[in-house]
$ cat start07.cif   # mmCIF, C-alpha atoms, pLDDT in the B column; chains and numbers go by the auth columns
data_data
loop_
_atom_site.group_PDB
_atom_site.id
_atom_site.type_symbol
_atom_site.label_atom_id
_atom_site.label_comp_id
_atom_site.label_asym_id
_atom_site.label_seq_id
_atom_site.Cartn_x
_atom_site.Cartn_y
_atom_site.Cartn_z
_atom_site.B_iso_or_equiv
_atom_site.auth_seq_id
_atom_site.auth_asym_id
ATOM 1 C CA MET A 1 -20.841 168.852 -2.044 93.00 696 A
ATOM 2 C CA VAL A 2 -19.133 169.065 -5.419 95.00 697 A
ATOM 3 C CA ARG A 3 -22.382 170.109 -7.079 96.00 698 A
ATOM 4 C CA ALA A 4 -22.968 172.716 -4.373 96.00 699 A
ATOM 5 C CA LEU A 5 -19.458 174.128 -4.865 96.00 700 A
ATOM 6 C CA GLN A 6 -19.958 174.198 -8.638 97.00 701 A
ATOM 7 C CA LYS A 7 -23.048 176.365 -8.105 96.00 702 A
ATOM 8 C CA ILE A 8 -21.218 178.976 -6.002 97.00 703 A
ATOM 9 C CA ARG A 9 -17.608 179.010 -7.160 94.00 704 A
ATOM 10 C CA GLY A 10 -18.213 182.054 -9.367 94.00 705 A
ATOM 11 C CA GLN A 11 -19.492 183.956 -6.317 96.00 706 A
ATOM 12 C CA LEU A 12 -16.538 183.165 -4.062 94.00 707 A
ATOM 13 C CA THR A 13 -13.718 185.674 -3.653 92.00 708 A
ATOM 14 C CA ARG A 14 -11.134 182.886 -3.400 90.00 709 A
ATOM 15 C CA LYS A 15 -10.646 179.843 -5.586 91.00 710 A
ATOM 16 C CA VAL A 16 -11.831 176.631 -3.970 93.00 711 A
ATOM 17 C CA GLU A 17 -9.783 173.482 -4.453 94.00 712 A
ATOM 18 C CA ILE A 18 -10.413 170.038 -3.051 95.00 713 A
ATOM 19 C CA HIS A 19 -7.344 167.847 -2.616 94.00 714 A
ATOM 20 C CA LEU A 20 -7.855 164.116 -2.212 93.00 715 A
ATOM 21 C CA TYR A 21 -5.206 161.773 -0.802 92.00 716 A
ATOM 22 C CA GLY A 22 -4.938 158.024 -0.502 90.00 717 A
ATOM 23 C CA SER A 23 -4.987 154.901 -2.591 90.00 718 A
ATOM 24 C CA GLN A 24 -8.647 155.168 -3.595 89.00 719 A
ATOM 25 C CA LEU A 25 -9.063 157.226 -6.771 91.00 720 A
ATOM 26 C CA TYR A 26 -12.268 158.979 -7.812 94.00 721 A
ATOM 27 C CA GLY A 27 -11.482 160.414 -11.258 94.00 722 A
ATOM 28 C CA ASP A 28 -13.953 158.094 -12.960 95.00 723 A
ATOM 29 C CA ARG A 29 -16.906 159.042 -10.734 95.00 724 A
ATOM 30 C CA ASP A 30 -19.700 161.127 -12.254 95.00 725 A
ATOM 31 C CA TRP A 31 -19.310 163.823 -9.575 95.00 726 A
ATOM 32 C CA PHE A 32 -15.573 164.296 -10.120 96.00 727 A
ATOM 33 C CA ASP A 33 -14.710 167.782 -11.420 97.00 728 A
ATOM 34 C CA PRO A 34 -11.035 168.165 -12.427 96.00 729 A
ATOM 35 C CA ASP A 35 -11.387 171.960 -12.298 95.00 730 A
ATOM 36 C CA LEU A 36 -12.237 171.650 -8.611 96.00 731 A
ATOM 37 C CA ILE A 37 -10.589 168.428 -7.438 96.00 732 A
ATOM 38 C CA THR A 38 -6.969 167.283 -7.485 96.00 733 A
ATOM 39 C CA GLU A 39 -6.129 163.681 -6.682 96.00 734 A
ATOM 40 C CA HIS A 40 -2.699 163.164 -5.163 95.00 735 A
ATOM 41 C CA GLY A 41 -2.930 159.431 -4.595 93.00 736 A
ATOM 42 C CA PHE A 42 -0.744 157.946 -1.898 93.00 737 A
ATOM 43 C CA ILE A 43 2.005 160.309 -0.771 95.00 738 A
ATOM 44 C CA SER A 44 4.566 160.179 2.043 94.00 739 A
ATOM 45 C CA ASP A 45 3.663 161.342 5.542 94.00 740 A
ATOM 46 C CA ALA A 46 6.089 164.258 5.235 95.00 741 A
ATOM 47 C CA GLU A 47 4.517 165.398 1.978 95.00 742 A
ATOM 48 C CA LEU A 48 1.002 164.984 3.408 94.00 743 A
ATOM 49 C CA ASN A 49 2.034 167.108 6.399 94.00 744 A
ATOM 50 C CA ARG A 50 3.267 169.838 4.029 95.00 745 A
ATOM 51 C CA HIS A 51 -0.073 169.785 2.199 94.00 746 A
ATOM 52 C CA TYR A 52 -2.010 170.069 5.458 93.00 747 A
ATOM 53 C CA GLN A 53 0.215 172.944 6.613 94.00 748 A
ATOM 54 C CA SER A 54 -0.650 174.902 3.479 93.00 749 A
ATOM 55 C CA GLY A 55 -4.398 174.208 3.680 91.00 750 A
ATOM 56 C CA THR A 56 -7.150 176.560 4.741 93.00 751 A
ATOM 57 C CA TRP A 57 -9.868 174.054 5.633 95.00 752 A
ATOM 58 C CA GLY A 58 -9.979 170.400 6.526 94.00 753 A
ATOM 59 C CA LEU A 59 -12.718 168.195 5.111 94.00 754 A
ATOM 60 C CA ALA A 60 -14.344 165.246 6.871 93.00 755 A
ATOM 61 C CA ILE A 61 -17.158 163.489 5.056 91.00 756 A
ATOM 62 C CA MET A 62 -19.529 160.769 6.198 89.00 757 A
ATOM 63 C CA HIS A 63 -22.801 159.563 4.661 87.00 758 A
ATOM 64 C CA LEU A 64 -25.595 162.156 4.761 89.00 759 A
ATOM 65 C CA ASP A 65 -28.206 159.431 5.098 86.00 760 A
ATOM 66 C CA GLU A 66 -28.431 156.261 7.143 79.00 761 A
ATOM 67 C CA ILE A 67 -27.399 154.019 4.229 82.00 762 A
ATOM 68 C CA ASP A 68 -24.690 152.496 6.437 82.00 763 A
ATOM 69 C CA PRO A 69 -25.608 153.243 10.072 79.00 764 A
ATOM 70 C CA ARG A 70 -22.831 151.113 11.579 82.00 765 A
ATOM 71 C CA TYR A 71 -20.207 153.048 9.621 80.00 766 A
ATOM 72 C CA ASN A 72 -21.840 156.374 10.468 77.00 767 A
ATOM 73 C CA HIS A 73 -22.001 155.598 14.180 79.00 768 A
ATOM 74 C CA PHE A 74 -18.794 153.641 14.807 80.00 769 A
ATOM 75 C CA SER A 75 -16.302 155.164 12.372 80.00 770 A
ATOM 76 C CA PHE A 76 -14.488 158.438 12.494 78.00 771 A
ATOM 77 C CA PRO A 77 -12.590 159.880 9.530 82.00 772 A
ATOM 78 C CA CYS A 78 -8.866 160.207 10.207 83.00 773 A
ATOM 79 C CA LYS A 79 -8.991 163.391 8.099 88.00 774 A
ATOM 80 C CA PHE A 80 -10.818 164.944 11.036 90.00 775 A
ATOM 81 C CA SER A 81 -7.974 164.344 13.485 89.00 776 A
ATOM 82 C CA MET A 82 -5.364 165.348 10.881 91.00 777 A
ATOM 83 C CA SER A 83 -7.159 168.664 10.393 93.00 778 A
ATOM 84 C CA LEU A 84 -7.360 169.188 14.153 91.00 779 A
ATOM 85 C CA ALA A 85 -3.661 168.453 14.511 91.00 780 A
ATOM 86 C CA PHE A 86 -2.838 171.158 11.957 93.00 781 A
ATOM 87 C CA GLY A 87 -5.310 173.684 13.403 93.00 782 A
ATOM 88 C CA LEU A 88 -7.497 173.708 10.295 95.00 783 A
ATOM 89 C CA PRO A 89 -11.144 174.642 10.663 96.00 784 A
ATOM 90 C CA LEU A 90 -13.267 171.823 9.354 96.00 785 A
ATOM 91 C CA ILE A 91 -16.005 171.345 6.844 96.00 786 A
ATOM 92 C CA CYS A 92 -17.855 168.352 8.263 95.00 787 A
ATOM 93 C CA ILE A 93 -20.499 166.656 6.162 94.00 788 A
ATOM 94 C CA GLY A 94 -22.681 163.861 7.469 93.00 789 A
ATOM 95 C CA HIS A 95 -25.886 162.693 9.022 91.00 790 A
ATOM 96 C CA GLN A 96 -26.834 164.847 11.996 89.00 791 A
ATOM 97 C CA LYS A 97 -26.732 161.940 14.460 87.00 792 A
ATOM 98 C CA THR A 98 -23.174 160.813 13.712 89.00 793 A
ATOM 99 C CA PRO A 99 -20.435 161.320 16.314 90.00 794 A
ATOM 100 C CA LEU A 100 -18.521 163.392 13.739 91.00 795 A
ATOM 101 C CA ILE A 101 -21.317 165.931 13.360 93.00 796 A
ATOM 102 C CA GLU A 102 -22.136 165.985 17.073 93.00 797 A
ATOM 103 C CA LEU A 103 -18.496 166.667 17.967 94.00 798 A
ATOM 104 C CA ALA A 104 -18.117 169.329 15.266 94.00 799 A
ATOM 105 C CA LYS A 105 -21.273 171.078 16.506 95.00 800 A
ATOM 106 C CA ASN A 106 -20.401 170.793 20.199 95.00 801 A
ATOM 107 C CA TYR A 107 -17.035 172.427 19.659 96.00 802 A
ATOM 108 C CA ARG A 108 -17.947 174.775 16.765 95.00 803 A
ATOM 109 C CA LEU A 109 -14.997 173.541 14.691 95.00 804 A
ATOM 110 C CA GLY A 110 -16.121 175.022 11.381 96.00 805 A
ATOM 111 C CA LEU A 111 -18.901 174.385 8.900 96.00 806 A
ATOM 112 C CA VAL A 112 -21.315 171.574 9.650 96.00 807 A
ATOM 113 C CA LEU A 113 -23.415 170.385 6.736 96.00 808 A
ATOM 114 C CA THR A 114 -26.181 167.853 7.261 95.00 809 A
ATOM 115 C CA GLU A 115 -28.613 168.801 4.523 92.00 810 A
ATOM 116 C CA THR A 116 -28.993 166.747 1.362 92.00 811 A
ATOM 117 C CA ASP A 117 -30.503 169.592 -0.669 95.00 812 A
ATOM 118 C CA ILE A 118 -27.825 170.982 -3.018 95.00 813 A
ATOM 119 C CA ASP A 119 -29.182 174.539 -2.929 96.00 814 A
ATOM 120 C CA LYS A 120 -29.185 174.626 0.883 96.00 815 A
ATOM 121 C CA MET A 121 -25.689 173.144 1.014 96.00 816 A
ATOM 122 C CA ALA A 122 -24.503 175.707 -1.553 97.00 817 A
ATOM 123 C CA GLU A 123 -25.964 178.531 0.527 96.00 818 A
ATOM 124 C CA SER A 124 -24.259 177.268 3.692 96.00 819 A
ATOM 125 C CA LEU A 125 -20.937 176.857 1.878 96.00 820 A
ATOM 126 C CA LEU A 126 -21.143 180.307 0.294 96.00 821 A
ATOM 127 C CA GLN A 127 -21.811 181.970 3.621 94.00 822 A
ATOM 128 C CA GLY A 128 -19.272 179.898 5.564 95.00 823 A
ATOM 129 C CA LEU A 129 -16.402 179.918 3.083 94.00 824 A
ATOM 130 C CA GLU A 130 -16.526 183.690 2.748 91.00 825 A
ATOM 131 C CA ASP A 131 -16.521 184.397 6.491 90.00 826 A
ATOM 132 C CA PHE A 132 -12.920 184.372 7.713 88.00 827 A
ATOM 133 C CA SER A 133 -13.798 186.423 10.805 92.00 828 A
ATOM 134 C CA ARG A 134 -14.543 183.206 12.729 93.00 829 A
ATOM 135 C CA PHE A 135 -11.158 181.551 12.143 92.00 830 A
ATOM 136 C CA ASP A 136 -9.740 182.613 15.522 93.00 831 A
ATOM 137 C CA ASP A 137 -12.834 181.211 17.230 95.00 832 A
ATOM 138 C CA TYR A 138 -12.548 177.970 15.230 96.00 833 A
ATOM 139 C CA ARG A 139 -8.899 177.595 16.212 93.00 834 A
ATOM 140 C CA ALA A 140 -9.664 178.174 19.899 96.00 835 A
ATOM 141 C CA GLU A 141 -12.362 175.503 19.706 96.00 836 A
ATOM 142 C CA ILE A 142 -10.005 173.152 17.852 94.00 837 A
ATOM 143 C CA LEU A 143 -7.528 173.433 20.708 93.00 838 A
ATOM 144 C CA ARG A 144 -10.264 172.939 23.319 94.00 839 A
ATOM 145 C CA CYS A 145 -11.576 169.887 21.446 93.00 840 A
ATOM 146 C CA ALA A 146 -8.111 168.347 21.077 90.00 841 A
ATOM 147 C CA GLU A 147 -7.296 168.871 24.755 89.00 842 A
ATOM 148 C CA THR A 148 -10.661 167.530 25.923 90.00 843 A
ATOM 149 C CA GLU A 149 -11.463 164.732 23.494 89.00 844 A
ATOM 150 C CA PHE A 150 -8.072 163.547 22.266 84.00 845 A
ATOM 151 C CA SER A 151 -5.855 163.777 25.342 81.00 846 A
ATOM 152 C CA ALA A 152 -4.200 160.395 25.896 83.00 847 A
ATOM 153 C CA GLU A 153 -3.653 161.229 29.572 86.00 848 A
ATOM 154 C CA ARG A 154 -7.326 162.057 30.134 81.00 849 A
ATOM 155 C CA LYS A 155 -8.434 158.956 28.235 80.00 850 A
ATOM 156 C CA ARG A 156 -6.115 156.723 30.298 87.00 851 A
ATOM 157 C CA LYS A 157 -7.470 158.231 33.541 87.00 852 A
ATOM 158 C CA LYS A 158 -11.043 157.654 32.413 85.00 853 A
ATOM 159 C CA LEU A 159 -10.249 154.089 31.377 86.00 854 A
ATOM 160 C CA HIS A 160 -8.630 153.371 34.757 88.00 855 A
ATOM 161 C CA GLN A 161 -11.650 154.835 36.561 90.00 856 A
ATOM 162 C CA LEU A 162 -13.996 152.645 34.536 88.00 857 A
ATOM 163 C CA LEU A 163 -11.850 149.560 35.083 90.00 858 A
ATOM 164 C CA ASN A 164 -11.615 150.238 38.832 89.00 859 A
ATOM 165 C CA THR A 165 -15.368 150.708 39.037 89.00 860 A
ATOM 166 C CA ALA A 166 -15.986 147.476 37.129 88.00 861 A
ATOM 167 C CA TYR A 167 -13.426 145.610 39.268 86.00 862 A
ATOM 168 C CA SER A 168 -14.977 146.821 42.513 87.00 863 A
ATOM 169 C CA HIS A 169 -18.406 145.645 41.430 83.00 864 A
#

$ encode --input "start07.cif" --output "structure tokens"
Amino acid sequence: MVRALQKIRGQLTRKVEIHLYGSQLYGDRDWFDPDLITEHGFISDAELNRHYQSGTWGLAIMHLDEIDPRYNHFSFPCKFSMSLAFGLPLICIGHQKTPLIELAKNYRLGLVLTETDIDKMAESLLQGLEDFSRFDDYRAEILRCAETEFSAERKRKKLHQLLNTAYSH
């Protein structure tokens, strides 16, 4: 993704910045670009909330290949739910068969990138990052997704139904 953004940043009307949070640091990685990426390290919840409130896009990244299928299929980035909570359209990157990508596609939550080719990813990012006309649609889908998929009340009801069915059998 960083290489794709490097290819198109001169064509974008707005500056693109990636902000990374958490205890894992990436500054020594070969893909790290300090002109594009800012590492914040571990910050307080209140400060993280302020950063999310000022963001334009959320970013949720999984493996693009099946290098770690268990992680791809049974994990879900918390950055996804944080972005949903703040109403941020998402850029979701991952293998097309992961729950993350399936959910992002089903609800049209933003940009969904599953290709490994840098030129194709750059083209998708250029087109998607420049099109702000879909933000209202993204936000409506974010709300629909949150109410449908992340409602504690609905999940409890479903769990009770499943437990009652299992008990009766």

$ resolve_selection --input "start07.cif" --expression "the PyMOL selection byres ((chain A and resi 747) around 12)" --output "PyMOL selection string"
chain A and resi 713-716+740-746+748-754+774-784

$ closest_residue --input "start07.cif" --among "A:Leu824, A:Ala817, A:Val807, A:Leu785" --to "A:Val697" --atoms "all atoms listed in the file"
A:Ala817

$ residues_near_point --input "start07.cif" --point "(-24.9, 156.0, 17.5)" --cutoff "10 Å" --atoms "all atoms listed in the file" --output "list in words"
Pro764, Arg765, Tyr766, Asn767, His768, Phe769, Lys792, Thr793 and Pro794 of chain A

$ closest_residue --input "start07.cif" --among "A:Glu810, A:Asp725, A:Glu818, A:Glu712" --to "A:Leu759" --atoms "only C-alpha atoms"
A:Glu810

$ resolve_selection --input "start07.cif" --expression "the PyMOL selection byres ((chain A and resi 819) around 12)" --output "compact mmCIF listing (two decimals) with C-alpha atoms, in the coordinates of the input"
# COMPACT_ATOMS: atom_id res chain seq x y z
CA MET A 696 -20.84 168.85 -2.04
CA ALA A 699 -22.97 172.72 -4.37
CA LEU A 700 -19.46 174.13 -4.86
CA LYS A 702 -23.05 176.36 -8.10
CA ILE A 703 -21.22 178.98 -6.00
CA ILE A 786 -16.00 171.34 6.84
CA CYS A 787 -17.86 168.35 8.26
CA ILE A 788 -20.50 166.66 6.16
CA GLY A 805 -16.12 175.02 11.38
CA LEU A 806 -18.90 174.38 8.90
CA VAL A 807 -21.32 171.57 9.65
CA LEU A 808 -23.42 170.38 6.74
CA THR A 809 -26.18 167.85 7.26
CA GLU A 810 -28.61 168.80 4.52
CA THR A 811 -28.99 166.75 1.36
CA ASP A 812 -30.50 169.59 -0.67
CA ILE A 813 -27.82 170.98 -3.02
CA ASP A 814 -29.18 174.54 -2.93
CA LYS A 815 -29.18 174.63 0.88
CA MET A 816 -25.69 173.14 1.01
CA ALA A 817 -24.50 175.71 -1.55
CA GLU A 818 -25.96 178.53 0.53
CA LEU A 820 -20.94 176.86 1.88
CA LEU A 821 -21.14 180.31 0.29
CA GLN A 822 -21.81 181.97 3.62
CA GLY A 823 -19.27 179.90 5.56
CA LEU A 824 -16.40 179.92 3.08
CA GLU A 825 -16.53 183.69 2.75
CA ASP A 826 -16.52 184.40 6.49

$ atom_distance --input "start07.cif" --atom1 "atom CA of A:Arg829" --atom2 "atom CA of A:Glu797"
19.3 Å

$ atom_distance --input "start07.cif" --atom1 "atom CA of A:Arg803" --atom2 "atom CA of A:Ala841"
12.5 Å

$ atom_distance --input "start07.cif" --atom1 "atom CA of A:Phe845" --atom2 "atom CA of A:Pro772"
14.0 Å

$ build_atoms --input "start07.cif" --residues "stretch 742-753 of chain A" --atoms "all heavy atoms" --output "PDB file, in the frame of the given file"
ATOM      1  N   GLU A 742       5.166 164.605   3.021  1.00 95.00           N
ATOM      2  CA  GLU A 742       4.517 165.398   1.978  1.00 95.00           C
ATOM      3  C   GLU A 742       3.076 165.713   2.362  1.00 95.00           C
ATOM      4  O   GLU A 742       2.597 166.829   2.161  1.00 95.00           O
ATOM      5  CB  GLU A 742       4.563 164.661   0.636  1.00 95.00           C
ATOM      6  CG  GLU A 742       4.129 165.530  -0.526  1.00 95.00           C
ATOM      7  CD  GLU A 742       4.305 164.842  -1.873  1.00 95.00           C
ATOM      8  OE1 GLU A 742       4.961 163.798  -1.960  1.00 95.00           O
ATOM      9  OE2 GLU A 742       3.762 165.388  -2.846  1.00 95.00           O
ATOM     10  N   LEU A 743       2.372 164.743   2.952  1.00 94.00           N
ATOM     11  CA  LEU A 743       1.002 164.984   3.408  1.00 94.00           C
ATOM     12  C   LEU A 743       0.978 166.082   4.467  1.00 94.00           C
ATOM     13  O   LEU A 743       0.121 166.972   4.436  1.00 94.00           O
ATOM     14  CB  LEU A 743       0.390 163.692   3.961  1.00 94.00           C
ATOM     15  CG  LEU A 743      -1.065 163.766   4.396  1.00 94.00           C
ATOM     16  CD1 LEU A 743      -1.974 164.137   3.229  1.00 94.00           C
ATOM     17  CD2 LEU A 743      -1.501 162.437   5.002  1.00 94.00           C
ATOM     18  N   ASN A 744       1.937 166.057   5.386  1.00 94.00           N
ATOM     19  CA  ASN A 744       2.034 167.108   6.399  1.00 94.00           C
ATOM     20  C   ASN A 744       2.229 168.475   5.758  1.00 94.00           C
ATOM     21  O   ASN A 744       1.621 169.457   6.187  1.00 94.00           O
ATOM     22  CB  ASN A 744       3.170 166.818   7.374  1.00 94.00           C
ATOM     23  CG  ASN A 744       2.856 165.653   8.287  1.00 94.00           C
ATOM     24  OD1 ASN A 744       1.709 165.227   8.415  1.00 94.00           O
ATOM     25  ND2 ASN A 744       3.877 165.108   8.912  1.00 94.00           N
ATOM     26  N   ARG A 745       3.062 168.558   4.729  1.00 95.00           N
ATOM     27  CA  ARG A 745       3.267 169.838   4.029  1.00 95.00           C
ATOM     28  C   ARG A 745       1.966 170.326   3.383  1.00 95.00           C
ATOM     29  O   ARG A 745       1.651 171.511   3.421  1.00 95.00           O
ATOM     30  CB  ARG A 745       4.369 169.721   2.979  1.00 95.00           C
ATOM     31  CG  ARG A 745       5.769 169.747   3.565  1.00 95.00           C
ATOM     32  CD  ARG A 745       6.842 169.931   2.490  1.00 95.00           C
ATOM     33  NE  ARG A 745       6.910 168.835   1.533  1.00 95.00           N
ATOM     34  CZ  ARG A 745       7.543 167.678   1.747  1.00 95.00           C
ATOM     35  NH1 ARG A 745       8.170 167.469   2.895  1.00 95.00           N
ATOM     36  NH2 ARG A 745       7.560 166.736   0.829  1.00 95.00           N
ATOM     37  N   HIS A 746       1.206 169.411   2.816  1.00 94.00           N
ATOM     38  CA  HIS A 746      -0.073 169.785   2.199  1.00 94.00           C
ATOM     39  C   HIS A 746      -1.040 170.314   3.258  1.00 94.00           C
ATOM     40  O   HIS A 746      -1.716 171.322   3.034  1.00 94.00           O
ATOM     41  CB  HIS A 746      -0.692 168.588   1.467  1.00 94.00           C
ATOM     42  CG  HIS A 746      -0.068 168.301   0.145  1.00 94.00           C
ATOM     43  ND1 HIS A 746      -0.709 168.518  -1.041  1.00 94.00           N
ATOM     44  CD2 HIS A 746       1.153 167.809  -0.179  1.00 94.00           C
ATOM     45  CE1 HIS A 746       0.076 168.174  -2.049  1.00 94.00           C
ATOM     46  NE2 HIS A 746       1.216 167.734  -1.543  1.00 94.00           N
ATOM     47  N   TYR A 747      -1.114 169.617   4.385  1.00 93.00           N
ATOM     48  CA  TYR A 747      -2.010 170.069   5.458  1.00 93.00           C
ATOM     49  C   TYR A 747      -1.573 171.436   5.999  1.00 93.00           C
ATOM     50  O   TYR A 747      -2.399 172.274   6.323  1.00 93.00           O
ATOM     51  CB  TYR A 747      -2.080 169.044   6.598  1.00 93.00           C
ATOM     52  CG  TYR A 747      -3.228 168.073   6.444  1.00 93.00           C
ATOM     53  CD1 TYR A 747      -3.078 166.888   5.735  1.00 93.00           C
ATOM     54  CD2 TYR A 747      -4.470 168.339   6.997  1.00 93.00           C
ATOM     55  CE1 TYR A 747      -4.125 165.996   5.585  1.00 93.00           C
ATOM     56  CE2 TYR A 747      -5.520 167.457   6.865  1.00 93.00           C
ATOM     57  CZ  TYR A 747      -5.350 166.285   6.154  1.00 93.00           C
ATOM     58  OH  TYR A 747      -6.400 165.415   6.002  1.00 93.00           O
ATOM     59  N   GLN A 748      -0.276 171.660   6.113  1.00 94.00           N
ATOM     60  CA  GLN A 748       0.215 172.944   6.613  1.00 94.00           C
ATOM     61  C   GLN A 748      -0.154 174.098   5.691  1.00 94.00           C
ATOM     62  O   GLN A 748      -0.296 175.229   6.148  1.00 94.00           O
ATOM     63  CB  GLN A 748       1.733 172.900   6.798  1.00 94.00           C
ATOM     64  CG  GLN A 748       2.159 172.099   7.992  1.00 94.00           C
ATOM     65  CD  GLN A 748       3.661 171.894   8.058  1.00 94.00           C
ATOM     66  OE1 GLN A 748       4.366 171.961   7.053  1.00 94.00           O
ATOM     67  NE2 GLN A 748       4.156 171.614   9.252  1.00 94.00           N
ATOM     68  N   SER A 749      -0.330 173.828   4.417  1.00 93.00           N
ATOM     69  CA  SER A 749      -0.650 174.902   3.479  1.00 93.00           C
ATOM     70  C   SER A 749      -2.155 175.018   3.225  1.00 93.00           C
ATOM     71  O   SER A 749      -2.586 175.866   2.447  1.00 93.00           O
ATOM     72  CB  SER A 749       0.083 174.690   2.152  1.00 93.00           C
ATOM     73  OG  SER A 749      -0.398 173.525   1.510  1.00 93.00           O
ATOM     74  N   GLY A 750      -2.950 174.188   3.890  1.00 91.00           N
ATOM     75  CA  GLY A 750      -4.398 174.208   3.680  1.00 91.00           C
ATOM     76  C   GLY A 750      -5.097 175.306   4.458  1.00 91.00           C
ATOM     77  O   GLY A 750      -4.541 175.892   5.389  1.00 91.00           O
ATOM     78  N   THR A 751      -6.312 175.576   4.060  1.00 93.00           N
ATOM     79  CA  THR A 751      -7.150 176.560   4.741  1.00 93.00           C
ATOM     80  C   THR A 751      -8.246 175.875   5.545  1.00 93.00           C
ATOM     81  O   THR A 751      -8.596 176.318   6.629  1.00 93.00           O
ATOM     82  CB  THR A 751      -7.803 177.514   3.711  1.00 93.00           C
ATOM     83  OG1 THR A 751      -6.780 178.060   2.883  1.00 93.00           O
ATOM     84  CG2 THR A 751      -8.539 178.647   4.390  1.00 93.00           C
ATOM     85  N   TRP A 752      -8.797 174.814   4.995  1.00 95.00           N
ATOM     86  CA  TRP A 752      -9.868 174.054   5.633  1.00 95.00           C
ATOM     87  C   TRP A 752      -9.517 172.577   5.592  1.00 95.00           C
ATOM     88  O   TRP A 752      -8.878 172.109   4.657  1.00 95.00           O
ATOM     89  CB  TRP A 752     -11.187 174.218   4.865  1.00 95.00           C
ATOM     90  CG  TRP A 752     -11.820 175.559   4.935  1.00 95.00           C
ATOM     91  CD1 TRP A 752     -11.605 176.603   4.085  1.00 95.00           C
ATOM     92  CD2 TRP A 752     -12.775 176.010   5.885  1.00 95.00           C
ATOM     93  NE1 TRP A 752     -12.375 177.667   4.456  1.00 95.00           N
ATOM     94  CE2 TRP A 752     -13.113 177.341   5.556  1.00 95.00           C
ATOM     95  CE3 TRP A 752     -13.388 175.421   6.986  1.00 95.00           C
ATOM     96  CZ2 TRP A 752     -14.029 178.079   6.283  1.00 95.00           C
ATOM     97  CZ3 TRP A 752     -14.308 176.158   7.713  1.00 95.00           C
ATOM     98  CH2 TRP A 752     -14.621 177.477   7.365  1.00 95.00           C
ATOM     99  N   GLY A 753      -9.994 171.852   6.578  1.00 94.00           N
ATOM    100  CA  GLY A 753      -9.979 170.400   6.526  1.00 94.00           C
ATOM    101  C   GLY A 753     -11.362 169.935   6.086  1.00 94.00           C
ATOM    102  O   GLY A 753     -12.337 170.684   6.187  1.00 94.00           O
TER     103      GLY A 753
END
